[in-house]
Amino acid sequence: MNDIAAALDLDPVTTHRRERTAAALTLLQSGSDAPPDDEALPLAYALAYHRLEGAENAARRRDTSALDWYRNTAGPILAGLARSSRLGPRIVIAPNEDEMIRGPHSDTPYYVLGPDTASAAESLGVLADDAFGHVAVTGLDALVAAHAAVICLTGRRRADQTLRSFAITRLPATVFTDHTSDAAVLGRDLVHEAAHNWLNDALVALRITIPDDETYFSPWRGTQRPAFGFLHACFAFPLTTIYAARARLGATGAAAAVLTDHERQQRPQLAAAQDDFTRAV
């Protein structure tokens, strides 16, 4: 295990994920089976929360049919969307924009797996698996394997366009991200959002709270940010910089240029955040 993987391999995080999965499944359907082994746990964890979110939305709409589906039927159907990959079973989807949910839980529209969900086109599944290959080369595969079990591709962009990616606390182990045709670039964004998911889990598992009234200047956004968001950036961007520095060595063409530029941009921003990061910690 490399140094990064060892640092992120915290027993309380794994315990937290197993306990939350079991609790969610019990809430949805009393008598559910115990969570699976460690390799299958990331997907089981993600799916449990998609079912909880879907069930809550259905209950708020008083849609008893949808509520029953999420409680009693969804488990094997959603698990059947998984495809084998270098990092274990993954679900890769690419919903249309009008299928995304706009609500108070996320600044950007998000998606919840449901009865009408279909797997992404085979080409996108292959793109994701190729991205996993690039991640593995950088030594960050354990992070992505555990914290990016459901990958929602939100739109295709050119390499020179800004790519949007995000994760939300209500759907752990799920990553939302735009993509290009370059697997190495997708790998960077999977690392970024997996890092956010890991930190969210770690904060809860270790019972760490961050004051809402403390703010720090974010070089990435050019404005003051609450400590929670600032520390998330300070955690995720060093990992994407490590990824870019390692992955660009095997990348070609536009992907190599994007990763080189990412590393070049991040170094001064990380340096600018150093003093505030020390104070925030």
# chains A, B, ... in the order shown; residues from 1 in each chain; ligands from 1

call {"tool": "residues_around", "arguments": {"residues": "Asp38 (chain A)", "least_positions_apart": "3", "cutoff": "9 Å", "atoms": "only C-alpha atoms", "output": "PyMOL selection string"}}
result
chain A and resi 14+18+35+41-42

call {"tool": "write_last_selection", "arguments": {"atoms": "all heavy atoms", "output": "compact mmCIF listing (two decimals), in the first residue's frame"}}
result
# COMPACT_ATOMS: atom_id res chain seq x y z
N THR A 14 -14.31 2.96 7.47
CA THR A 14 -14.91 1.71 7.01
C THR A 14 -16.03 1.26 7.94
O THR A 14 -17.11 0.85 7.50
CB THR A 14 -13.84 0.60 6.91
OG1 THR A 14 -12.82 1.01 6.01
CG2 THR A 14 -14.46 -0.70 6.41
N ARG A 18 -20.03 0.82 6.95
CA ARG A 18 -20.73 -0.44 7.16
C ARG A 18 -21.96 -0.25 8.06
O ARG A 18 -23.05 -0.76 7.78
CB ARG A 18 -19.78 -1.47 7.76
CG ARG A 18 -20.34 -2.88 7.80
CD ARG A 18 -19.28 -3.87 8.24
NE ARG A 18 -18.19 -3.96 7.27
CZ ARG A 18 -18.27 -4.66 6.13
NH1 ARG A 18 -19.37 -5.29 5.82
NH2 ARG A 18 -17.23 -4.70 5.32
N PRO A 35 -24.62 -5.89 5.35
CA PRO A 35 -23.81 -5.37 4.26
C PRO A 35 -22.81 -6.40 3.76
O PRO A 35 -22.38 -7.28 4.51
CB PRO A 35 -23.10 -4.18 4.90
CG PRO A 35 -23.99 -3.76 6.02
CD PRO A 35 -24.58 -5.04 6.54
N LEU A 41 -18.82 -3.33 -0.56
CA LEU A 41 -19.38 -2.33 0.35
C LEU A 41 -19.56 -0.96 -0.29
O LEU A 41 -20.60 -0.33 -0.08
CB LEU A 41 -18.53 -2.23 1.61
CG LEU A 41 -18.99 -1.19 2.64
CD1 LEU A 41 -20.40 -1.50 3.14
CD2 LEU A 41 -18.01 -1.15 3.82
N PRO A 42 -18.59 -0.42 -1.06
CA PRO A 42 -18.79 0.92 -1.62
C PRO A 42 -20.08 1.06 -2.41
O PRO A 42 -20.81 2.03 -2.26
CB PRO A 42 -17.55 1.12 -2.50
CG PRO A 42 -16.50 0.27 -1.85
CD PRO A 42 -17.24 -0.93 -1.36

call {"tool": "closest_atom_pairs", "arguments": {"of": "region 95-150 of chain A", "to": "region 66-74 of chain A", "cutoff": "10 Å", "atoms": "only C-alpha atoms", "output": "tab-separated table"}}
result
residue	atom	partner	partner_atom	distance
A:Leu113	CA	A:Ala74	CA	9.3
A:Gly114	CA	A:Ala74	CA	7.6
A:Pro115	CA	A:Ala74	CA	7.4

call {"tool": "residues_around", "arguments": {"residues": "Phe235 (chain A)", "least_positions_apart": "5", "cutoff": "12 Å", "atoms": "only C-alpha atoms", "output": "list of chain:residue names"}}
result
A:Leu8, A:Val191, A:His192, A:Glu193, A:Ala194, A:Ala195, A:His196, A:Asn197, A:Trp198, A:Leu199, A:Asn200, A:Phe228, A:Gly229, A:Phe230, A:Thr240, A:Thr241, A:Ile242, A:Leu270, A:Ala273, A:Gln274, A:Phe277, A:Val281

call {"tool": "closest_residue", "arguments": {"among": "A:Ala245, A:Val126, A:Leu28, A:Ala205", "to": "Arg188 (chain A)", "atoms": "only C-alpha atoms"}}
result
A:Ala245

call {"tool": "closest_residue", "arguments": {"among": "A:Glu56, A:Ala167, A:Ser65, A:Ala128", "to": "His179 (chain A)", "atoms": "only C-alpha atoms"}}
result
A:Ala128

call {"tool": "residues_around", "arguments": {"residues": "Ala227 (chain A)", "least_positions_apart": "4", "cutoff": "9 Å", "atoms": "only C-alpha atoms", "output": "CSV table (one decimal) with all heavy atoms, in the first residue's frame"}}
result
chain,number,residue,atom,x,y,z
A,210,ILE,N,-17.0,21.4,12.3
A,210,ILE,CA,-16.3,22.6,11.9
A,210,ILE,C,-17.2,23.8,12.1
A,210,ILE,O,-18.3,23.8,11.6
A,210,ILE,CB,-15.9,22.4,10.4
A,210,ILE,CG1,-15.0,21.2,10.2
A,210,ILE,CG2,-15.2,23.7,9.9
A,210,ILE,CD1,-14.6,21.0,8.8
A,211,PRO,N,-16.7,24.8,12.8
A,211,PRO,CA,-17.6,26.0,13.0
A,211,PRO,C,-18.1,26.6,11.7
A,211,PRO,O,-17.3,26.8,10.8
A,211,PRO,CB,-16.6,26.9,13.8
A,211,PRO,CG,-15.6,26.0,14.4
A,211,PRO,CD,-15.4,24.9,13.4
A,212,ASP,N,-19.3,27.1,11.8
A,212,ASP,CA,-19.9,27.7,10.6
A,212,ASP,C,-19.5,29.2,10.4
A,212,ASP,O,-19.6,29.7,9.4
A,212,ASP,CB,-21.4,27.7,10.7
A,212,ASP,CG,-22.0,26.3,10.6
A,212,ASP,OD1,-21.3,25.4,10.0
A,212,ASP,OD2,-23.1,26.0,11.2
A,213,ASP,N,-19.0,29.8,11.5
A,213,ASP,CA,-18.8,31.2,11.5
A,213,ASP,C,-17.3,31.6,11.2
A,213,ASP,O,-17.0,32.8,11.2
A,213,ASP,CB,-19.1,31.9,12.9
A,213,ASP,CG,-18.4,31.2,14.0
A,213,ASP,OD1,-17.7,30.2,13.8
A,213,ASP,OD2,-18.4,31.8,15.1
A,214,GLU,N,-16.5,30.6,10.9
A,214,GLU,CA,-15.1,30.9,10.5
A,214,GLU,C,-15.0,30.8,9.0
A,214,GLU,O,-15.4,29.9,8.3
A,214,GLU,CB,-14.1,29.8,11.1
A,214,GLU,CG,-14.1,29.9,12.6
A,214,GLU,CD,-13.3,31.1,13.2
A,214,GLU,OE1,-12.6,31.7,12.4
A,214,GLU,OE2,-13.5,31.4,14.3
A,215,THR,N,-14.4,31.9,8.4
A,215,THR,CA,-14.2,31.9,7.0
A,215,THR,C,-12.7,32.2,6.6
A,215,THR,O,-12.0,32.8,7.4
A,215,THR,CB,-15.0,33.0,6.3
A,215,THR,OG1,-14.6,34.3,6.7
A,215,THR,CG2,-16.5,32.8,6.6
A,216,TYR,N,-12.3,31.7,5.4
A,216,TYR,CA,-10.9,31.9,5.0
A,216,TYR,C,-10.9,32.2,3.5
A,216,TYR,O,-11.9,31.7,2.8
A,216,TYR,CB,-10.1,30.6,5.3
A,216,TYR,CG,-10.1,30.2,6.7
A,216,TYR,CD1,-11.1,29.4,7.3
A,216,TYR,CD2,-9.1,30.7,7.5
A,216,TYR,CE1,-11.1,29.1,8.6
A,216,TYR,CE2,-9.1,30.4,8.9
A,216,TYR,CZ,-10.1,29.6,9.4
A,216,TYR,OH,-10.1,29.3,10.8
A,231,LEU,N,-11.6,23.9,3.8
A,231,LEU,CA,-10.8,22.7,4.1
A,231,LEU,C,-11.0,21.6,3.1
A,231,LEU,O,-10.1,20.8,2.8
A,231,LEU,CB,-11.1,22.3,5.5
A,231,LEU,CG,-10.5,23.2,6.6
A,231,LEU,CD1,-11.1,22.8,8.0
A,231,LEU,CD2,-9.0,23.1,6.6
A,232,HIS,N,-12.2,21.5,2.6
A,232,HIS,CA,-12.5,20.5,1.5
A,232,HIS,C,-11.6,20.8,0.3
A,232,HIS,O,-11.0,19.9,-0.3
A,232,HIS,CB,-14.0,20.6,1.1
A,232,HIS,CG,-14.8,19.4,1.7
A,232,HIS,ND1,-14.8,18.2,1.2
A,232,HIS,CD2,-15.6,19.4,2.8
A,232,HIS,CE1,-15.6,17.4,1.9
A,232,HIS,NE2,-16.1,18.1,2.9
A,280,ALA,N,-6.7,27.3,9.8
A,280,ALA,CA,-8.0,26.6,9.8
A,280,ALA,C,-7.9,25.2,10.5
A,280,ALA,O,-8.8,24.9,11.3
A,280,ALA,CB,-8.5,26.4,8.4

call {"tool": "closest_residue", "arguments": {"among": "A:Ala131, A:Leu52, A:Leu10, A:Leu87", "to": "Val185 (chain A)", "atoms": "only C-alpha atoms"}}
result
A:Ala131

call {"tool": "atom_distance", "arguments": {"atom1": "CA of Ser85 (chain A)", "atom2": "CA of Leu127 (chain A)"}}
result
10.9 Å

call {"tool": "select_by_dssp", "arguments": {"residues": "region 124-248 of chain A", "states": "strand (DSSP E or B)", "output": "PyMOL selection string"}}
result
chain A and resi 150-156+165-166+174-179+215-218+223-226

call {"tool": "residues_around", "arguments": {"residues": "Asn2 (chain A)", "least_positions_apart": "5", "cutoff": "10 Å", "atoms": "only C-alpha atoms", "output": "ChimeraX atom specification"}}
result
/A:7,138-140,142

call {"tool": "closest_atom_pairs", "arguments": {"of": "region 36-93 of chain A", "to": "region 174-177 of chain A", "cutoff": "10 Å", "atoms": "only C-alpha atoms", "output": "Markdown table"}}
result
| residue | atom | partner | partner_atom | distance |
| --- | --- | --- | --- | --- |
| A:Pro42 | CA | A:Thr174 | CA | 9.5 |
| A:Leu43 | CA | A:Thr174 | CA | 9.0 |
| A:Tyr45 | CA | A:Thr174 | CA | 9.6 |
| A:Ala46 | CA | A:Thr174 | CA | 6.3 |
| A:Leu47 | CA | A:Thr174 | CA | 9.1 |
| A:Tyr49 | CA | A:Thr174 | CA | 9.5 |
| A:His50 | CA | A:Thr174 | CA | 9.1 |
| A:Ile91 | CA | A:Thr174 | CA | 9.4 |
| A:Val92 | CA | A:Val175 | CA | 9.8 |
| A:Ile93 | CA | A:Phe176 | CA | 9.7 |

call {"tool": "write_last_selection", "arguments": {"atoms": "N, CA, C and O atoms", "output": "PDB file, in the first residue's frame"}}
result
ATOM      1  N   PRO A  42     -18.589  -0.421  -1.058  1.00  0.00           N
ATOM      2  CA  PRO A  42     -18.789   0.919  -1.621  1.00  0.00           C
ATOM      3  C   PRO A  42     -20.080   1.057  -2.414  1.00  0.00           C
ATOM      4  O   PRO A  42     -20.813   2.034  -2.256  1.00  0.00           O
ATOM      5  N   LEU A  43     -20.374   0.077  -3.270  1.00  0.00           N
ATOM      6  CA  LEU A  43     -21.591   0.161  -4.068  1.00  0.00           C
ATOM      7  C   LEU A  43     -22.825  -0.023  -3.198  1.00  0.00           C
ATOM      8  O   LEU A  43     -23.826   0.688  -3.366  1.00  0.00           O
ATOM      9  N   TYR A  45     -23.158   0.777  -0.105  1.00  0.00           N
ATOM     10  CA  TYR A  45     -23.277   2.032   0.650  1.00  0.00           C
ATOM     11  C   TYR A  45     -23.930   3.103  -0.212  1.00  0.00           C
ATOM     12  O   TYR A  45     -24.886   3.775   0.208  1.00  0.00           O
ATOM     13  N   ALA A  46     -23.441   3.264  -1.444  1.00  0.00           N
ATOM     14  CA  ALA A  46     -24.010   4.265  -2.347  1.00  0.00           C
ATOM     15  C   ALA A  46     -25.469   3.957  -2.651  1.00  0.00           C
ATOM     16  O   ALA A  46     -26.329   4.850  -2.602  1.00  0.00           O
ATOM     17  N   LEU A  47     -25.777   2.706  -2.951  1.00  0.00           N
ATOM     18  CA  LEU A  47     -27.142   2.346  -3.325  1.00  0.00           C
ATOM     19  C   LEU A  47     -28.110   2.522  -2.161  1.00  0.00           C
ATOM     20  O   LEU A  47     -29.267   2.911  -2.353  1.00  0.00           O
ATOM     21  N   TYR A  49     -28.065   4.791   0.054  1.00  0.00           N
ATOM     22  CA  TYR A  49     -28.417   6.210   0.161  1.00  0.00           C
ATOM     23  C   TYR A  49     -29.238   6.695  -1.023  1.00  0.00           C
ATOM     24  O   TYR A  49     -30.094   7.588  -0.874  1.00  0.00           O
ATOM     25  N   HIS A  50     -29.020   6.134  -2.209  1.00  0.00           N
ATOM     26  CA  HIS A  50     -29.901   6.472  -3.328  1.00  0.00           C
ATOM     27  C   HIS A  50     -31.328   6.003  -3.022  1.00  0.00           C
ATOM     28  O   HIS A  50     -32.303   6.709  -3.315  1.00  0.00           O
ATOM     29  N   ILE A  91     -21.460   1.544 -11.022  1.00  0.00           N
ATOM     30  CA  ILE A  91     -22.596   1.955 -11.840  1.00  0.00           C
ATOM     31  C   ILE A  91     -22.207   3.248 -12.545  1.00  0.00           C
ATOM     32  O   ILE A  91     -21.797   4.216 -11.895  1.00  0.00           O
ATOM     33  N   VAL A  92     -22.328   3.247 -13.857  1.00  0.00           N
ATOM     34  CA  VAL A  92     -22.027   4.430 -14.663  1.00  0.00           C
ATOM     35  C   VAL A  92     -23.296   4.810 -15.412  1.00  0.00           C
ATOM     36  O   VAL A  92     -23.849   3.999 -16.166  1.00  0.00           O
ATOM     37  N   ILE A  93     -23.762   6.019 -15.188  1.00  0.00           N
ATOM     38  CA  ILE A  93     -24.988   6.496 -15.816  1.00  0.00           C
ATOM     39  C   ILE A  93     -24.740   7.851 -16.465  1.00  0.00           C
ATOM     40  O   ILE A  93     -23.774   8.549 -16.125  1.00  0.00           O
TER      41      ILE A  93
END

call {"tool": "closest_residue", "arguments": {"among": "A:Met100, A:Ala202, A:Ala23, A:Ala247", "to": "Thr260 (chain A)", "atoms": "only C-alpha atoms"}}
result
A:Ala247

call {"tool": "closest_residue", "arguments": {"among": "A:Pro104, A:Gly133, A:Gly155, A:Pro172", "to": "Ala120 (chain A)", "atoms": "only C-alpha atoms"}}
result
A:Gly155

call {"tool": "residues_around", "arguments": {"residues": "Glu97 (chain A)", "least_positions_apart": "2", "cutoff": "10 Å", "atoms": "only C-alpha atoms", "output": "list in words"}}
result
Ala94, Pro95, Glu99, Met100, Ile101, Pro109, Tyr110, Tyr111, Thr154 and Gly155 of chain A

call {"tool": "decode", "arguments": {"residues": "region 202-214 of chain A", "atoms": "all heavy atoms", "output": "PDB file, in the first residue's frame"}}
result
ATOM      1  N   ALA A 202     -15.117  10.838   6.734  1.00  0.00           N
ATOM      2  CA  ALA A 202     -14.151  10.883   7.831  1.00  0.00           C
ATOM      3  C   ALA A 202     -14.592  11.848   8.930  1.00  0.00           C
ATOM      4  O   ALA A 202     -14.455  11.545  10.127  1.00  0.00           O
ATOM      5  CB  ALA A 202     -12.779  11.282   7.299  1.00  0.00           C
ATOM      6  N   LEU A 203     -15.129  12.990   8.551  1.00  0.00           N
ATOM      7  CA  LEU A 203     -15.570  13.963   9.551  1.00  0.00           C
ATOM      8  C   LEU A 203     -16.681  13.378  10.417  1.00  0.00           C
ATOM      9  O   LEU A 203     -16.693  13.563  11.643  1.00  0.00           O
ATOM     10  CB  LEU A 203     -16.053  15.249   8.861  1.00  0.00           C
ATOM     11  CG  LEU A 203     -14.972  16.094   8.190  1.00  0.00           C
ATOM     12  CD1 LEU A 203     -15.604  17.223   7.381  1.00  0.00           C
ATOM     13  CD2 LEU A 203     -13.990  16.666   9.211  1.00  0.00           C
ATOM     14  N   VAL A 204     -17.611  12.664   9.776  1.00  0.00           N
ATOM     15  CA  VAL A 204     -18.704  12.056  10.544  1.00  0.00           C
ATOM     16  C   VAL A 204     -18.183  10.895  11.388  1.00  0.00           C
ATOM     17  O   VAL A 204     -18.514  10.768  12.570  1.00  0.00           O
ATOM     18  CB  VAL A 204     -19.825  11.578   9.605  1.00  0.00           C
ATOM     19  CG1 VAL A 204     -20.916  10.850  10.399  1.00  0.00           C
ATOM     20  CG2 VAL A 204     -20.433  12.753   8.851  1.00  0.00           C
ATOM     21  N   ALA A 205     -17.366  10.053  10.782  1.00  0.00           N
ATOM     22  CA  ALA A 205     -16.859   8.880  11.497  1.00  0.00           C
ATOM     23  C   ALA A 205     -16.054   9.260  12.730  1.00  0.00           C
ATOM     24  O   ALA A 205     -16.114   8.584  13.765  1.00  0.00           O
ATOM     25  CB  ALA A 205     -16.013   8.031  10.553  1.00  0.00           C
ATOM     26  N   LEU A 206     -15.292  10.340  12.620  1.00  0.00           N
ATOM     27  CA  LEU A 206     -14.437  10.774  13.729  1.00  0.00           C
ATOM     28  C   LEU A 206     -15.106  11.825  14.604  1.00  0.00           C
ATOM     29  O   LEU A 206     -14.470  12.391  15.492  1.00  0.00           O
ATOM     30  CB  LEU A 206     -13.117  11.315  13.168  1.00  0.00           C
ATOM     31  CG  LEU A 206     -12.288  10.295  12.389  1.00  0.00           C
ATOM     32  CD1 LEU A 206     -11.072  10.968  11.748  1.00  0.00           C
ATOM     33  CD2 LEU A 206     -11.845   9.143  13.275  1.00  0.00           C
ATOM     34  N   ARG A 207     -16.384  12.124  14.310  1.00  0.00           N
ATOM     35  CA  ARG A 207     -17.178  13.074  15.093  1.00  0.00           C
ATOM     36  C   ARG A 207     -16.507  14.444  15.170  1.00  0.00           C
ATOM     37  O   ARG A 207     -16.425  15.063  16.243  1.00  0.00           O
ATOM     38  CB  ARG A 207     -17.456  12.514  16.495  1.00  0.00           C
ATOM     39  CG  ARG A 207     -18.314  11.255  16.478  1.00  0.00           C
ATOM     40  CD  ARG A 207     -18.548  10.718  17.890  1.00  0.00           C
ATOM     41  NE  ARG A 207     -19.509   9.625  17.907  1.00  0.00           N
ATOM     42  CZ  ARG A 207     -19.198   8.363  17.620  1.00  0.00           C
ATOM     43  NH1 ARG A 207     -17.948   8.053  17.312  1.00  0.00           N
ATOM     44  NH2 ARG A 207     -20.116   7.423  17.636  1.00  0.00           N
ATOM     45  N   ILE A 208     -16.035  14.894  14.029  1.00  0.00           N
ATOM     46  CA  ILE A 208     -15.390  16.203  13.945  1.00  0.00           C
ATOM     47  C   ILE A 208     -16.390  17.209  13.391  1.00  0.00           C
ATOM     48  O   ILE A 208     -17.011  16.980  12.352  1.00  0.00           O
ATOM     49  CB  ILE A 208     -14.149  16.148  13.032  1.00  0.00           C
ATOM     50  CG1 ILE A 208     -13.089  15.233  13.651  1.00  0.00           C
ATOM     51  CG2 ILE A 208     -13.585  17.550  12.800  1.00  0.00           C
ATOM     52  CD1 ILE A 208     -11.908  14.975  12.734  1.00  0.00           C
ATOM     53  N   THR A 209     -16.560  18.320  14.071  1.00  0.00           N
ATOM     54  CA  THR A 209     -17.421  19.388  13.586  1.00  0.00           C
ATOM     55  C   THR A 209     -16.573  20.615  13.275  1.00  0.00           C
ATOM     56  O   THR A 209     -15.531  20.844  13.899  1.00  0.00           O
ATOM     57  CB  THR A 209     -18.501  19.767  14.618  1.00  0.00           C
ATOM     58  OG1 THR A 209     -17.861  20.139  15.855  1.00  0.00           O
ATOM     59  CG2 THR A 209     -19.430  18.583  14.875  1.00  0.00           C
ATOM     60  N   ILE A 210     -17.017  21.390  12.303  1.00  0.00           N
ATOM     61  CA  ILE A 210     -16.288  22.577  11.857  1.00  0.00           C
ATOM     62  C   ILE A 210     -17.189  23.788  12.067  1.00  0.00           C
ATOM     63  O   ILE A 210     -18.324  23.806  11.583  1.00  0.00           O
ATOM     64  CB  ILE A 210     -15.883  22.450  10.379  1.00  0.00           C
ATOM     65  CG1 ILE A 210     -14.965  21.232  10.198  1.00  0.00           C
ATOM     66  CG2 ILE A 210     -15.188  23.712   9.891  1.00  0.00           C
ATOM     67  CD1 ILE A 210     -14.582  20.957   8.763  1.00  0.00           C
ATOM     68  N   PRO A 211     -16.734  24.815  12.766  1.00  0.00           N
ATOM     69  CA  PRO A 211     -17.578  25.987  13.039  1.00  0.00           C
ATOM     70  C   PRO A 211     -18.071  26.646  11.749  1.00  0.00           C
ATOM     71  O   PRO A 211     -17.327  26.772  10.768  1.00  0.00           O
ATOM     72  CB  PRO A 211     -16.641  26.926  13.810  1.00  0.00           C
ATOM     73  CG  PRO A 211     -15.589  26.031  14.379  1.00  0.00           C
ATOM     74  CD  PRO A 211     -15.408  24.928  13.391  1.00  0.00           C
ATOM     75  N   ASP A 212     -19.325  27.063  11.757  1.00  0.00           N
ATOM     76  CA  ASP A 212     -19.906  27.713  10.583  1.00  0.00           C
ATOM     77  C   ASP A 212     -19.466  29.162  10.440  1.00  0.00           C
ATOM     78  O   ASP A 212     -19.565  29.744   9.351  1.00  0.00           O
ATOM     79  CB  ASP A 212     -21.443  27.677  10.662  1.00  0.00           C
ATOM     80  CG  ASP A 212     -21.994  26.264  10.589  1.00  0.00           C
ATOM     81  OD1 ASP A 212     -21.343  25.402   9.965  1.00  0.00           O
ATOM     82  OD2 ASP A 212     -23.080  26.023  11.162  1.00  0.00           O
ATOM     83  N   ASP A 213     -19.005  29.783  11.535  1.00  0.00           N
ATOM     84  CA  ASP A 213     -18.757  31.225  11.507  1.00  0.00           C
ATOM     85  C   ASP A 213     -17.318  31.587  11.160  1.00  0.00           C
ATOM     86  O   ASP A 213     -16.958  32.772  11.156  1.00  0.00           O
ATOM     87  CB  ASP A 213     -19.143  31.854  12.850  1.00  0.00           C
ATOM     88  CG  ASP A 213     -18.387  31.225  14.026  1.00  0.00           C
ATOM     89  OD1 ASP A 213     -17.743  30.164  13.814  1.00  0.00           O
ATOM     90  OD2 ASP A 213     -18.441  31.785  15.135  1.00  0.00           O
ATOM     91  N   GLU A 214     -16.475  30.600  10.883  1.00  0.00           N
ATOM     92  CA  GLU A 214     -15.086  30.879  10.502  1.00  0.00           C
ATOM     93  C   GLU A 214     -14.968  30.841   8.973  1.00  0.00           C
ATOM     94  O   GLU A 214     -15.419  29.894   8.334  1.00  0.00           O
ATOM     95  CB  GLU A 214     -14.143  29.839  11.113  1.00  0.00           C
ATOM     96  CG  GLU A 214     -14.072  29.868  12.632  1.00  0.00           C
ATOM     97  CD  GLU A 214     -13.325  31.088  13.152  1.00  0.00           C
ATOM     98  OE1 GLU A 214     -12.571  31.680  12.364  1.00  0.00           O
ATOM     99  OE2 GLU A 214     -13.517  31.439  14.326  1.00  0.00           O
TER     100      GLU A 214
END
